[in-house]
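First up is the structure itself, then whatever we jot down about it.
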Amino acid sequence: MSALRRKLGDEYQVVSTSASGAGLPPPRSAPRGKRQRFVDKNGRCNVQHGNLGGETSRYLSDLFTTLVDLKWRWNLFIFILTYTVAWLFMASMWWVIAYMRGDLNKAHDDSYTPCVANVYNFPSAFLFFIETEATIGYGYRYITDKCPEGIILFLFQSILGSIVDAFLIGCMFIKMSQPKKRAETLMFSEHAAISMRDGKLTLMFRVGNLRNSHMVSAQIRCKLLKSRQTPEGEFLPLDQLELDVGFSTGADQLFLVSPLTICHVIDSKSPFYDLSQRSMHTEQFEIVVILEGIVETTGMTCQARTSYTEDEVLWGHRFFPVISLEEGFFKVDYSQFHATFEVPTPPYSVKEQEEMLLMSSPLIPPAVSNSKERNNSVECLDGLDEVGTKLPSKLQKITGRDDFPKKLLRMSSTTSEKAYSMGDLPMKLQRISSVPGNSEEKLGSKTTKMMSDPMSQSVAELPPKLQKLSGGGGRMEGNLPPKLRKMNSDRFT
């Protein structure tokens, strides 16, 4: 126990679920009544067919399979009864031939040649049939050439005996070599477990092979049997759902040399998506496990089955390791095959865990909102550029330069982008950028000045003499000579 705790940690507790284990079973809720199973632990299906009516004749159409499927006591009874009836019938035929020819009354006459020598009553006829059928041939009783009907009956006896031997002996041989007995050496764990593996909630159970001979092309499948009601109101008492145990990845193809742990990952596609530790006390379901493979020694297909009800699924448990490395080989300890130990496992379902994770995470990150606003500003800028190109040429000349609105809008968009990017800077940089006299404020003041007096740029482009006449950048109409004022008015009109 101390070695186990050093290996697995102090928070783990070993719990043996086998009858011979030293540990105690995990605490469960109040015991329920006896659970009706669809498949027993030994693989037998609890299904009985009734009210077949006239369909029972189908069993006689496949008589060989019907005899093989019968129980051993009925097979032995049919075997003995068939041979007994056949022997008595054929012995009676030999006795009838001897009686009709009068051989019974002249059996001790040395001058008379009977059909069968030394047959003078029914026991002697029966012994002759047994000697012929079993090819014993004591030499005391034999067929003579004076009896053609005896030769025909001998041929019929040989053919009928071969058919009966082939049918009954073949039936008994198949019955003895059935792969059902091979399934007795395939083990399943008594309980299934649910715990975390590779960061995912997983349903696990264990399978093992007691023989050294392998199961060729071993494959495992799982079915969930659970009653449900359709939206149309139809009740399905035994609805079968598939549990993925690695069909998409090939993990369902087993190399069953040592015990293996079969895993079913519980995700949004799993029927156990809503299953939690609390809901297991109210749920009713049955997991049917089917293991198929080819017996290496006989080449026959073998199938082993078992099932787990909701009471046999342990939440927060993991199977005990059973493989250890010895000197030159791996050793499997089957005494711990059914043993489990507790591990930390969240009691919530996968659906609840995803909902809690979604609620704890922010819905929209800041970078996304900034990018959206920037895209909106760029779209507005493109729209204003299109409006500016549609203005008359005279109004475009008043502004002084054709690309003035574009530059102004780009400067304003740059200012807004810098303002948005300020939230991403550290606090010290934000304080530095917020000091009066900043370049951004200067840029904003220049932009406001240009927007308030659009004619200042056109005045700055005049010759120096005209700038002096304008009075230092004011309106120049009052100071210009009449000819220049007339020229200026003609220019703007």
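Letters A, B, ... go to the chains of the structure tokens in the order shown; residues in each chain start at 1; ligands are counted from 1 in the same order.
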
Spatial neighbours of range 113-116 of chain A, max dist 9 Å, only C-alpha atoms, sep filter under 3 positions, as number ranges by chain: A: 94, 97-98, 101-104, 106-107, 109-110, 119, 125, 128, 141-150

Expected file: the selected residues, N, CA, C and O atoms, as an mmCIF file, in the first residue's frame:
```cif
data_model
loop_
_atom_site.group_PDB
_atom_site.id
_atom_site.type_symbol
_atom_site.label_atom_id
_atom_site.label_comp_id
_atom_site.auth_asym_id
_atom_site.auth_seq_id
_atom_site.Cartn_x
_atom_site.Cartn_y
_atom_site.Cartn_z
ATOM 1 N N TRP A 94 -34.462 -57.777 -40.862
ATOM 2 C CA TRP A 94 -33.783 -59.066 -41.067
ATOM 3 C C TRP A 94 -34.611 -60.218 -40.501
ATOM 4 O O TRP A 94 -34.654 -61.315 -41.080
ATOM 5 N N ILE A 97 -37.485 -61.021 -43.005
ATOM 6 C CA ILE A 97 -37.033 -61.776 -44.177
ATOM 7 C C ILE A 97 -36.831 -63.261 -43.815
ATOM 8 O O ILE A 97 -37.240 -64.179 -44.555
ATOM 9 N N ALA A 98 -36.223 -63.490 -42.657
ATOM 10 C CA ALA A 98 -36.016 -64.886 -42.229
ATOM 11 C C ALA A 98 -37.336 -65.576 -41.941
ATOM 12 O O ALA A 98 -37.510 -66.790 -42.219
ATOM 13 N N ARG A 101 -39.189 -66.428 -45.358
ATOM 14 C CA ARG A 101 -38.536 -67.508 -46.099
ATOM 15 C C ARG A 101 -38.588 -68.843 -45.348
ATOM 16 O O ARG A 101 -38.230 -69.882 -45.909
ATOM 17 N N GLY A 102 -39.011 -68.824 -44.084
ATOM 18 C CA GLY A 102 -39.060 -70.054 -43.291
ATOM 19 C C GLY A 102 -37.721 -70.467 -42.748
ATOM 20 O O GLY A 102 -37.524 -71.643 -42.396
ATOM 21 N N ASP A 103 -36.789 -69.518 -42.650
ATOM 22 C CA ASP A 103 -35.463 -69.860 -42.147
ATOM 23 C C ASP A 103 -35.473 -70.126 -40.652
ATOM 24 O O ASP A 103 -34.563 -70.803 -40.128
ATOM 25 N N LEU A 104 -36.474 -69.603 -39.942
ATOM 26 C CA LEU A 104 -36.494 -69.763 -38.495
ATOM 27 C C LEU A 104 -36.765 -71.231 -38.112
ATOM 28 O O LEU A 104 -36.269 -71.702 -37.080
ATOM 29 N N LYS A 106 -36.027 -73.899 -40.116
ATOM 30 C CA LYS A 106 -35.030 -74.789 -40.698
ATOM 31 C C LYS A 106 -33.607 -74.325 -40.402
ATOM 32 O O LYS A 106 -32.688 -74.583 -41.186
ATOM 33 N N ALA A 107 -33.464 -73.618 -39.324
ATOM 34 C CA ALA A 107 -32.139 -73.056 -39.020
ATOM 35 C C ALA A 107 -31.131 -74.141 -38.687
ATOM 36 O O ALA A 107 -29.932 -73.978 -38.964
ATOM 37 N N ASP A 109 -31.151 -77.290 -39.880
ATOM 38 C CA ASP A 109 -31.066 -78.298 -40.949
ATOM 39 C C ASP A 109 -29.810 -78.028 -41.771
ATOM 40 O O ASP A 109 -29.670 -76.957 -42.386
ATOM 41 N N ASP A 110 -28.909 -78.998 -41.784
ATOM 42 C CA ASP A 110 -27.636 -78.778 -42.475
ATOM 43 C C ASP A 110 -27.786 -78.814 -43.990
ATOM 44 O O ASP A 110 -26.977 -78.201 -44.700
ATOM 45 N N VAL A 119 -29.363 -67.538 -38.133
ATOM 46 C CA VAL A 119 -30.392 -66.596 -37.650
ATOM 47 C C VAL A 119 -31.679 -67.396 -37.528
ATOM 48 O O VAL A 119 -32.287 -67.797 -38.536
ATOM 49 N N ALA A 125 -31.107 -62.182 -35.094
ATOM 50 C CA ALA A 125 -31.192 -61.197 -36.173
ATOM 51 C C ALA A 125 -30.632 -59.844 -35.725
ATOM 52 O O ALA A 125 -29.962 -59.140 -36.498
ATOM 53 N N PHE A 128 -26.852 -60.045 -35.721
ATOM 54 C CA PHE A 128 -26.322 -59.969 -37.078
ATOM 55 C C PHE A 128 -26.278 -58.517 -37.592
ATOM 56 O O PHE A 128 -25.313 -58.099 -38.240
ATOM 57 N N ARG A 141 -22.315 -65.514 -38.368
ATOM 58 C CA ARG A 141 -23.520 -65.157 -39.107
ATOM 59 C C ARG A 141 -23.093 -64.375 -40.351
ATOM 60 O O ARG A 141 -22.344 -63.410 -40.260
ATOM 61 N N TYR A 142 -23.666 -64.772 -41.494
ATOM 62 C CA TYR A 142 -23.270 -64.151 -42.760
ATOM 63 C C TYR A 142 -24.404 -64.341 -43.759
ATOM 64 O O TYR A 142 -25.261 -65.211 -43.617
ATOM 65 N N ILE A 143 -24.378 -63.523 -44.824
ATOM 66 C CA ILE A 143 -25.400 -63.567 -45.865
ATOM 67 C C ILE A 143 -24.964 -64.583 -46.922
ATOM 68 O O ILE A 143 -23.794 -64.603 -47.332
ATOM 69 N N THR A 144 -25.914 -65.360 -47.399
ATOM 70 C CA THR A 144 -25.642 -66.318 -48.469
ATOM 71 C C THR A 144 -26.109 -65.754 -49.802
ATOM 72 O O THR A 144 -26.825 -64.741 -49.845
ATOM 73 N N ASP A 145 -25.706 -66.424 -50.883
ATOM 74 C CA ASP A 145 -26.070 -65.959 -52.226
ATOM 75 C C ASP A 145 -27.447 -66.414 -52.666
ATOM 76 O O ASP A 145 -27.861 -66.145 -53.795
ATOM 77 N N LYS A 146 -28.175 -67.100 -51.817
ATOM 78 C CA LYS A 146 -29.509 -67.576 -52.144
ATOM 79 C C LYS A 146 -30.605 -66.589 -51.769
ATOM 80 O O LYS A 146 -31.783 -66.907 -51.883
ATOM 81 N N CYS A 147 -30.211 -65.356 -51.336
ATOM 82 C CA CYS A 147 -31.191 -64.385 -50.802
ATOM 83 C C CYS A 147 -30.958 -63.020 -51.437
ATOM 84 O O CYS A 147 -30.192 -62.205 -50.896
ATOM 85 N N PRO A 148 -31.567 -62.735 -52.608
ATOM 86 C CA PRO A 148 -31.375 -61.402 -53.223
ATOM 87 C C PRO A 148 -31.996 -60.283 -52.414
ATOM 88 O O PRO A 148 -31.472 -59.172 -52.378
ATOM 89 N N GLU A 149 -33.119 -60.557 -51.730
ATOM 90 C CA GLU A 149 -33.713 -59.505 -50.893
ATOM 91 C C GLU A 149 -32.830 -59.140 -49.710
ATOM 92 O O GLU A 149 -32.813 -58.002 -49.239
ATOM 93 N N GLY A 150 -32.054 -60.102 -49.218
ATOM 94 C CA GLY A 150 -31.104 -59.813 -48.145
ATOM 95 C C GLY A 150 -29.959 -58.927 -48.623
ATOM 96 O O GLY A 150 -29.465 -58.063 -47.875
#
```

Give one line per residue of range 162-192 of chain A that approaches range 154-157 of chain A to at most 12 Å, naming the two atoms of the closest pair and their distance in Å to one decimal, counting only C-alpha atoms; sort by chain then ascending residue number and deliver it as CSV.
```
residue,atom,partner,partner_atom,distance
A:Ser162,CA,A:Gln157,CA,8.5
A:Ile163,CA,A:Gln157,CA,10.0
A:Val164,CA,A:Gln157,CA,10.5
A:Asp165,CA,A:Gln157,CA,11.9
```

Filtered DSSP result for range 12-215 of chain A, state strand (DSSP E or B), as JSON, numbers by chain: {"A": [13, 14, 15, 39, 45, 116, 143, 186, 187, 188, 192, 193, 194, 195, 196, 197, 200, 201, 202, 203, 204, 205, 206, 207, 208, 209, 215]}

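Within 12 Å of Thr66 in chain A, once only C-alpha atoms are used and residues closer than 5 positions along the same chain are dropped, the contacting residues are Thr56, Ser57, Arg58, Tyr59, Leu60, Ser61, Lys71, Trp74, Asn75, Ile78, Cys171 and Lys175 of chain A.
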
Phe89 in chain A surroundings by only C-alpha atoms, 12 Å radius, close-in-sequence under 3 positions cut, as JSON, numbers by chain: {"A": [82, 83, 84, 85, 86, 92, 93, 94, 95, 96, 122, 125, 126, 129, 130, 153, 157, 160, 161]}

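For the pair CA of Thr282 in chain A and CA of Phe247 in chain A, the separation is 29.7 Å.
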